Amino acid sequence: MTSLGSSEVAANAVRSSSKALRASFALRSWVIRTSRMTATPPKYQLWHPTRGISFSPAARSPNLAPQDGRALNEAAVTVNKAHTVASHADDLDTASLDPKLEGLSLSTSKDAPPNSSDSSSEAAKTVDENAAKQETPLETKVSDKPPVSALPFKMVDDLFYAAKHVSAGSAGSFWSYTKYRETAQDGTEQKVKVHYCRSQHTMEKVCQQYFVGEPVLGFDLEWVADSMKRHGVKKNVSLIQLASPSRIGLFHVALFTDKDDMVGPSFKAIMEDSNVTKVGVAIKGDATRLRNYLGIDSKGLLELSHLYKLVTHSPRGQYREINKRLVPLATQVEQYLHLPLFKGQDVRSSDWTKPLNMDQVTYSASDAYAGLQLYATLEYHRRQLDPSPPTPHHAELNLPIRLAHDLELASNDDPVVDAVEVTELEATAAVKSRSTTSKSSQGPKDSRVEIAEDRVACYRAAHPTTRVSVPQLRAYYMWHDQGLKPETIARLLRDPPLKTNTVIGYILAAIQLEKLPVDSERLRQEIASTMPDSTLRSRWPFVAAAISVSS
């Protein structure tokens, strides 16, 4: 009996061991199959007589985690809502406010969860790194030293290093005019003063006293994001910004009374004087708005993107990179002024027809002043080049960028942004027209096209992960903002004209991809009526829903 019992125990032990081995083998097989299914095949596979297939250790599997660029951008905006300039409120020249600036609403981080500072900081760092990868060349590294400035107002070293050492995305980490000072002969420091003018009378007084006679001025505009041509001047030219080394003028045209002229004679004289250089990014588009809505024919316009590319690429001999495509102001500021520029979408897309709060004052004042400081810094670096190329021509002249006094780049007025997608239809048309000279390449662009391209540049700078192309956005803005019909847009964009169906396709693609606002009645009559409802529902479901096309 004892022998029999021992045999049964032994048999049970053998069976248990066999089951364990089978389970272990099954588990190992499952792991191997799973790894083969999920792992990306190595880039290099070499046969070795003793080891079999040898996989290169350099090959790595891609990061398969979903990357939602829009979500990351929203996270950055949430973190940036902590941006405030309350500590610099005394920089405003209250004597110049007419009427007095009262009840400024300061944005704070009260809406943030109690213990979310660490996670928010990490999110901001992630977004900043991604944005840097998209906008800044890989070989470019932002300096940890204060920027060079040839102006009397310079970045304060202590404020610069303080901004460098705080968390990325926090209130103190951004570039701002509030970090600049001039040291007087008696050792006292002077801050940059902001004049916020809410009447034409005050605007004229400030221009006469502080901006007439300045050789170089920073210039910028703000307007309502969804404004259209029929909305008039107050929504299309809501705020005008001028900046000298010591002063910034914010002229809130949207608040001027209807009985006033929208701008005074001094501002008009400044903008039309070719001997006064006005600097900015996408400056021709801003000048076109002044011409169309205020009757001002601006001259002396310098596009900072042209000077930026000349200074950045000349030392490396990368002359093919020197062209007239626009570079976002934020990219230029971070590279040459060494701090990121605050570009919170919540402030940028805010209502500029209402009295400004402190966030809007700081945002708009910093944009204009950044252009002026950037110009001075770029000019310093240009003069250090050997040989030193001349400063680019004023943008309204439409002349090539000069590498040296006897050498010019044969570059046309390129599109306003880098990534331009050309459809097969356009490419075919371009090949056919090589033997002939098109009218559109002989002269300057139509002002309506320039305004649309300005909007495209601003939109793509604010939405770096957008999937919509430049031609699509441009056609949409010409249709939605300016009230142009598709056939008119087709004639303005090219000679010979594009096909109307091509323009309609551009408009539909922009609306569908970006969920852009539309005038439902115009969309139904001018766009949707050109195709069957079934096609609209299958290819453009968002558009179909916007005009309630039922199945």
# chains A, B, ... in the order shown; residues from 1 in each chain; ligands from 1
call {"tool": "residues_around", "arguments": {"residues": "A:Ala528", "least_positions_apart": "4", "cutoff": "12 Å", "atoms": "only C-alpha atoms", "output": "VMD selection string"}}
result
chain A and resid 486 501 504 to 505 507 to 508 520 to 524 532 to 537 539 to 541 543 to 549
call {"tool": "residues_around", "arguments": {"residues": "A:Ala282", "least_positions_apart": "3", "cutoff": "8 Å", "atoms": "only C-alpha atoms", "output": "PDB file with C-alpha atoms, in the first residue's frame"}}
result
ATOM      1  CA  GLY A 285      -0.949  92.572 -44.971  1.00  0.00           C
ATOM      2  CA  ASP A 286      -1.358  95.073 -42.132  1.00  0.00           C
ATOM      3  CA  GLU A 303       9.435  92.866 -43.393  1.00  0.00           C
ATOM      4  CA  LEU A 326       7.279  84.690 -43.589  1.00  0.00           C
ATOM      5  CA  VAL A 416       3.490  83.971 -46.827  1.00  0.00           C
ATOM      6  CA  ASP A 454      -1.920  87.614 -43.825  1.00  0.00           C
ATOM      7  CA  ALA A 457       0.093  83.294 -41.771  1.00  0.00           C
TER       8      ALA A 457
END
call {"tool": "residues_around", "arguments": {"residues": "stretch 157-159 of chain A", "least_positions_apart": "6", "cutoff": "10 Å", "atoms": "only C-alpha atoms", "output": "number ranges by chain"}}
result
A: 145-147, 172-173, 175, 178-180
call {"tool": "write_last_selection", "arguments": {"atoms": "N, CA and C atoms", "output": "PDB file, in the first residue's frame"}}
result
ATOM      1  N   LYS A 145      22.230  83.824 -22.744  1.00  0.00           N
ATOM      2  CA  LYS A 145      22.732  85.144 -22.399  1.00  0.00           C
ATOM      3  C   LYS A 145      21.765  86.219 -22.879  1.00  0.00           C
ATOM      4  N   PRO A 146      21.752  87.394 -22.233  1.00  0.00           N
ATOM      5  CA  PRO A 146      20.859  88.476 -22.667  1.00  0.00           C
ATOM      6  C   PRO A 146      21.132  88.854 -24.122  1.00  0.00           C
ATOM      7  N   PRO A 147      20.106  89.308 -24.846  1.00  0.00           N
ATOM      8  CA  PRO A 147      20.286  89.642 -26.262  1.00  0.00           C
ATOM      9  C   PRO A 147      21.069  90.929 -26.458  1.00  0.00           C
ATOM     10  N   GLY A 172       6.427  84.616 -15.590  1.00  0.00           N
ATOM     11  CA  GLY A 172       7.676  85.364 -15.720  1.00  0.00           C
ATOM     12  C   GLY A 172       8.626  84.844 -16.764  1.00  0.00           C
ATOM     13  N   SER A 173       8.260  83.783 -17.480  1.00  0.00           N
ATOM     14  CA  SER A 173       9.199  83.150 -18.413  1.00  0.00           C
ATOM     15  C   SER A 173       9.181  83.775 -19.804  1.00  0.00           C
ATOM     16  N   TRP A 175       9.079  86.738 -22.926  1.00  0.00           N
ATOM     17  CA  TRP A 175       9.648  88.024 -23.309  1.00  0.00           C
ATOM     18  C   TRP A 175       8.569  89.101 -23.169  1.00  0.00           C
ATOM     19  N   THR A 178       8.239  94.958 -20.616  1.00  0.00           N
ATOM     20  CA  THR A 178       8.423  95.351 -19.211  1.00  0.00           C
ATOM     21  C   THR A 178       9.806  94.981 -18.679  1.00  0.00           C
ATOM     22  N   LYS A 179      10.575  94.191 -19.418  1.00  0.00           N
ATOM     23  CA  LYS A 179      11.920  93.797 -18.984  1.00  0.00           C
ATOM     24  C   LYS A 179      12.997  94.744 -19.489  1.00  0.00           C
ATOM     25  N   TYR A 180      12.601  95.829 -20.160  1.00  0.00           N
ATOM     26  CA  TYR A 180      13.576  96.757 -20.749  1.00  0.00           C
ATOM     27  C   TYR A 180      13.639  98.054 -19.945  1.00  0.00           C
TER      28      TYR A 180
END
call {"tool": "residues_around", "arguments": {"residues": "A:Leu341", "least_positions_apart": "6", "cutoff": "7 Å", "atoms": "only C-alpha atoms", "output": "list of chain:residue names"}}
result
A:Phe174, A:Trp175, A:Ala330, A:Val333, A:Glu334
call {"tool": "write_last_selection", "arguments": {"atoms": "C-alpha atoms", "output": "PDB file, in the first residue's frame"}}
result
ATOM      1  CA  PHE A 174       8.041  85.163 -21.442  1.00  0.00           C
ATOM      2  CA  TRP A 175       9.648  88.024 -23.309  1.00  0.00           C
ATOM      3  CA  ALA A 330       7.547  84.247 -31.917  1.00  0.00           C
ATOM      4  CA  VAL A 333      12.038  86.618 -30.915  1.00  0.00           C
ATOM      5  CA  GLU A 334      13.037  83.388 -29.212  1.00  0.00           C
TER       6      GLU A 334
END
call {"tool": "select_by_dssp", "arguments": {"residues": "stretch 144-341 of chain A", "states": "strand (DSSP E)", "output": "ChimeraX atom specification"}}
result
/A:154-155,180-183,189-191,193-197,216-222,239-243,247-251,277-280,301-303
call {"tool": "residues_around", "arguments": {"residues": "A:Asp367", "least_positions_apart": "2", "cutoff": "9 Å", "atoms": "only C-alpha atoms", "output": "list of chain:residue names"}}
result
A:Ser176, A:Tyr177, A:Gly218, A:Phe219, A:Asp220, A:Gln241, A:Gly280, A:Leu329, A:Leu341, A:Thr362, A:Tyr363, A:Ser364, A:Ala365, A:Tyr369, A:Ala370, A:Gly371
call {"tool": "write_last_selection", "arguments": {"atoms": "N, CA and C atoms", "output": "short mmCIF file (atom, residue, chain, number, x, y, z; two decimals), in the first residue's frame"}}
result
data_model
loop_
_atom_site.label_atom_id
_atom_site.label_comp_id
_atom_site.auth_asym_id
_atom_site.auth_seq_id
_atom_site.Cartn_x
_atom_site.Cartn_y
_atom_site.Cartn_z
N SER A 176 8.95 90.30 -22.74
CA SER A 176 7.99 91.39 -22.60
C SER A 176 8.73 92.73 -22.61
N TYR A 177 8.04 93.77 -23.06
CA TYR A 177 8.61 95.12 -23.02
C TYR A 177 8.91 95.56 -21.59
N GLY A 218 8.22 100.27 -34.51
CA GLY A 218 7.55 98.98 -34.58
C GLY A 218 6.08 99.22 -34.89
N PHE A 219 5.49 98.35 -35.72
CA PHE A 219 4.11 98.55 -36.17
C PHE A 219 3.37 97.21 -36.18
N ASP A 220 2.11 97.26 -35.72
CA ASP A 220 1.29 96.04 -35.72
C ASP A 220 -0.18 96.44 -35.67
N GLN A 241 -0.90 99.62 -33.26
CA GLN A 241 0.20 99.71 -32.30
C GLN A 241 1.43 100.32 -32.97
N GLY A 280 7.88 95.05 -38.90
CA GLY A 280 6.93 94.07 -38.37
C GLY A 280 6.96 92.81 -39.20
N LEU A 329 6.69 85.77 -35.76
CA LEU A 329 7.38 86.68 -34.85
C LEU A 329 7.91 85.94 -33.63
N LEU A 341 8.07 84.34 -26.77
CA LEU A 341 7.05 85.40 -26.82
C LEU A 341 5.70 84.80 -26.48
N THR A 362 -0.68 94.22 -22.48
CA THR A 362 0.67 93.66 -22.50
C THR A 362 0.94 92.89 -23.79
N TYR A 363 -0.04 92.11 -24.23
CA TYR A 363 0.12 91.31 -25.46
C TYR A 363 0.36 92.22 -26.66
N SER A 364 -0.52 93.21 -26.85
CA SER A 364 -0.43 94.06 -28.03
C SER A 364 0.79 94.98 -27.97
N ALA A 365 1.11 95.51 -26.78
CA ALA A 365 2.28 96.37 -26.64
C ALA A 365 3.56 95.59 -26.88
N TYR A 369 6.61 96.29 -29.71
CA TYR A 369 7.94 96.58 -29.18
C TYR A 369 8.93 95.47 -29.53
N ALA A 370 8.45 94.25 -29.61
CA ALA A 370 9.33 93.14 -30.02
C ALA A 370 9.85 93.36 -31.44
N GLY A 371 8.98 93.86 -32.32
CA GLY A 371 9.43 94.13 -33.69
C GLY A 371 10.54 95.15 -33.73
#
call {"tool": "closest_residue", "arguments": {"among": "A:His231, A:Arg247, A:Arg181, A:His480", "to": "A:Ser149", "atoms": "only C-alpha atoms"}}
result
A:Arg181
call {"tool": "atom_distance", "arguments": {"atom1": "atom CA of A:Ile322", "atom2": "atom CA of A:Phe342"}}
result
26.6 Å
call {"tool": "closest_residue", "arguments": {"among": "A:Gln482, A:Thr312, A:Asn398, A:Gln185", "to": "A:Asn236", "atoms": "only C-alpha atoms"}}
result
A:Gln482
call {"tool": "select_by_dssp", "arguments": {"residues": "stretch 180-424 of chain A", "states": "alpha helix (DSSP H)", "output": "number ranges by chain"}}
result
A: 200-206, 233-236, 265-272, 283-294, 304-313, 329-336, 345-348, 358-384, 424
call {"tool": "residues_around", "arguments": {"residues": "A:Gln472", "least_positions_apart": "3", "cutoff": "6 Å", "atoms": "only C-alpha atoms", "output": "PyMOL selection string"}}
result
chain A and resi 469+475+506-507+510
call {"tool": "write_last_selection", "arguments": {"atoms": "C-alpha atoms", "output": "PDB file, in the first residue's frame"}}
result
ATOM      1  CA  SER A 469      -3.174  73.788 -46.682  1.00  0.00           C
ATOM      2  CA  ALA A 475      -9.652  80.682 -50.485  1.00  0.00           C
ATOM      3  CA  TYR A 506     -10.508  74.520 -51.201  1.00  0.00           C
ATOM      4  CA  ILE A 507     -13.229  76.305 -49.229  1.00  0.00           C
ATOM      5  CA  ALA A 510     -10.830  74.323 -44.950  1.00  0.00           C
TER       6      ALA A 510
END
call {"tool": "residues_around", "arguments": {"residues": "A:Arg230", "least_positions_apart": "2", "cutoff": "10 Å", "atoms": "only C-alpha atoms", "output": "compact mmCIF listing (two decimals) with all heavy atoms, in the first residue's frame"}}
result
# COMPACT_ATOMS: atom_id res chain seq x y z
N SER A 227 -13.94 88.70 -38.28
CA SER A 227 -14.45 89.87 -38.99
C SER A 227 -14.48 89.63 -40.49
O SER A 227 -13.65 88.91 -41.05
CB SER A 227 -13.58 91.09 -38.68
OG SER A 227 -12.25 90.88 -39.11
N MET A 228 -15.45 90.25 -41.14
CA MET A 228 -15.57 90.21 -42.59
C MET A 228 -15.60 91.63 -43.12
O MET A 228 -15.77 92.59 -42.36
CB MET A 228 -16.83 89.43 -43.01
CG MET A 228 -16.77 87.95 -42.65
SD MET A 228 -18.13 86.99 -43.36
CE MET A 228 -19.49 87.52 -42.33
N GLY A 232 -16.88 96.46 -41.51
CA GLY A 232 -16.35 97.80 -41.43
C GLY A 232 -15.02 97.93 -40.72
O GLY A 232 -14.40 96.95 -40.30
N VAL A 233 -14.59 99.20 -40.53
CA VAL A 233 -13.25 99.48 -40.05
C VAL A 233 -13.04 99.06 -38.61
O VAL A 233 -11.96 98.57 -38.24
CB VAL A 233 -12.94 100.99 -40.24
CG1 VAL A 233 -13.91 101.85 -39.46
CG2 VAL A 233 -11.50 101.30 -39.80
N LYS A 235 -14.00 96.61 -36.78
CA LYS A 235 -13.70 95.19 -36.55
C LYS A 235 -12.51 94.72 -37.37
O LYS A 235 -11.86 93.73 -37.02
CB LYS A 235 -14.93 94.33 -36.85
CG LYS A 235 -16.00 94.41 -35.79
CD LYS A 235 -17.01 93.29 -35.93
CE LYS A 235 -17.97 93.27 -34.74
NZ LYS A 235 -18.93 92.13 -34.82
N ASN A 236 -12.21 95.40 -38.46
CA ASN A 236 -11.11 94.99 -39.32
C ASN A 236 -9.80 95.71 -39.01
O ASN A 236 -8.73 95.23 -39.38
CB ASN A 236 -11.49 95.20 -40.79
CG ASN A 236 -12.47 94.15 -41.30
OD1 ASN A 236 -12.09 93.04 -41.63
ND2 ASN A 236 -13.75 94.50 -41.35
N ASP A 481 -14.35 86.08 -45.17
CA ASP A 481 -14.06 87.40 -44.60
C ASP A 481 -14.41 88.54 -45.56
O ASP A 481 -14.92 89.57 -45.14
CB ASP A 481 -12.59 87.51 -44.22
CG ASP A 481 -12.24 86.64 -43.03
OD1 ASP A 481 -13.05 85.77 -42.67
OD2 ASP A 481 -11.16 86.82 -42.46
N GLN A 482 -14.10 88.35 -46.84
CA GLN A 482 -14.24 89.44 -47.79
C GLN A 482 -15.53 89.38 -48.60
O GLN A 482 -15.81 90.29 -49.38
CB GLN A 482 -13.02 89.47 -48.72
CG GLN A 482 -11.70 89.61 -47.97
CD GLN A 482 -10.51 89.53 -48.88
OE1 GLN A 482 -10.59 89.88 -50.07
NE2 GLN A 482 -9.38 89.07 -48.36
N GLY A 483 -16.28 88.29 -48.45
CA GLY A 483 -17.56 88.19 -49.15
C GLY A 483 -17.44 87.97 -50.64
O GLY A 483 -18.38 88.28 -51.39
call {"tool": "closest_atom_pairs", "arguments": {"of": "stretch 292-320 of chain A", "to": "stretch 374-388 of chain A", "cutoff": "12 Å", "atoms": "only C-alpha atoms", "output": "JSON lines"}}
result
{"residue": "A:Leu302", "atom": "CA", "partner": "A:Tyr375", "partner_atom": "CA", "distance": 9.2}
{"residue": "A:Glu303", "atom": "CA", "partner": "A:Tyr375", "partner_atom": "CA", "distance": 9.6}
{"residue": "A:Leu304", "atom": "CA", "partner": "A:Tyr375", "partner_atom": "CA", "distance": 6.9}
{"residue": "A:Ser305", "atom": "CA", "partner": "A:Tyr375", "partner_atom": "CA", "distance": 10.1}
{"residue": "A:His306", "atom": "CA", "partner": "A:Leu378", "partner_atom": "CA", "distance": 10.5}
{"residue": "A:Leu307", "atom": "CA", "partner": "A:Leu378", "partner_atom": "CA", "distance": 6.9}
{"residue": "A:Tyr308", "atom": "CA", "partner": "A:Leu378", "partner_atom": "CA", "distance": 6.7}
{"residue": "A:Lys309", "atom": "CA", "partner": "A:Leu378", "partner_atom": "CA", "distance": 9.8}
{"residue": "A:Leu310", "atom": "CA", "partner": "A:Arg382", "partner_atom": "CA", "distance": 7.8}
{"residue": "A:Val311", "atom": "CA", "partner": "A:Arg382", "partner_atom": "CA", "distance": 5.5}
{"residue": "A:Thr312", "atom": "CA", "partner": "A:His381", "partner_atom": "CA", "distance": 9.0}
{"residue": "A:His313", "atom": "CA", "partner": "A:Arg382", "partner_atom": "CA", "distance": 10.9}
{"residue": "A:Ser314", "atom": "CA", "partner": "A:Leu385", "partner_atom": "CA", "distance": 8.0}
{"residue": "A:Pro315", "atom": "CA", "partner": "A:Leu385", "partner_atom": "CA", "distance": 7.1}
{"residue": "A:Arg316", "atom": "CA", "partner": "A:Leu385", "partner_atom": "CA", "distance": 10.9}
{"residue": "A:Gly317", "atom": "CA", "partner": "A:Leu385", "partner_atom": "CA", "distance": 11.5}
call {"tool": "write_last_selection", "arguments": {"atoms": "N, CA and C atoms", "output": "compact mmCIF listing (two decimals), in the first residue's frame"}}
result
# COMPACT_ATOMS: atom_id res chain seq x y z
N LEU A 302 9.30 97.53 -43.62
CA LEU A 302 10.36 96.53 -43.64
C LEU A 302 9.84 95.23 -43.04
N GLU A 303 9.87 94.18 -43.85
CA GLU A 303 9.43 92.87 -43.39
C GLU A 303 10.58 92.19 -42.63
N LEU A 304 10.37 91.96 -41.34
CA LEU A 304 11.43 91.38 -40.50
C LEU A 304 11.83 89.98 -40.94
N SER A 305 10.92 89.25 -41.55
CA SER A 305 11.25 87.89 -42.01
C SER A 305 12.38 87.92 -43.03
N HIS A 306 12.41 88.94 -43.89
CA HIS A 306 13.47 89.05 -44.90
C HIS A 306 14.82 89.28 -44.23
N LEU A 307 14.87 90.20 -43.26
CA LEU A 307 16.11 90.49 -42.55
C LEU A 307 16.53 89.29 -41.70
N TYR A 308 15.58 88.62 -41.09
CA TYR A 308 15.87 87.43 -40.28
C TYR A 308 16.54 86.35 -41.12
N LYS A 309 16.00 86.07 -42.30
CA LYS A 309 16.58 85.02 -43.13
C LYS A 309 17.95 85.42 -43.67
N LEU A 310 18.13 86.70 -43.98
CA LEU A 310 19.42 87.17 -44.45
C LEU A 310 20.49 86.98 -43.37
N VAL A 311 20.17 87.35 -42.14
CA VAL A 311 21.14 87.26 -41.04
C VAL A 311 21.36 85.82 -40.60
N THR A 312 20.32 85.01 -40.63
CA THR A 312 20.41 83.63 -40.13
C THR A 312 21.16 82.72 -41.08
N HIS A 313 20.90 82.83 -42.38
CA HIS A 313 21.43 81.86 -43.34
C HIS A 313 22.70 82.32 -44.05
N SER A 314 22.99 83.61 -44.07
CA SER A 314 24.20 84.08 -44.77
C SER A 314 25.49 83.53 -44.17
N PRO A 315 25.66 83.50 -42.83
CA PRO A 315 26.93 83.00 -42.28
C PRO A 315 27.21 81.54 -42.64
N ARG A 316 26.17 80.76 -42.89
CA ARG A 316 26.36 79.33 -43.21
C ARG A 316 26.42 79.09 -44.71
N GLY A 317 26.27 80.14 -45.51
CA GLY A 317 26.28 79.98 -46.96
C GLY A 317 25.03 79.31 -47.48
call {"tool": "atom_distance", "arguments": {"atom1": "atom CA of A:Gln208", "atom2": "atom CA of A:Pro265"}}
result
9.4 Å
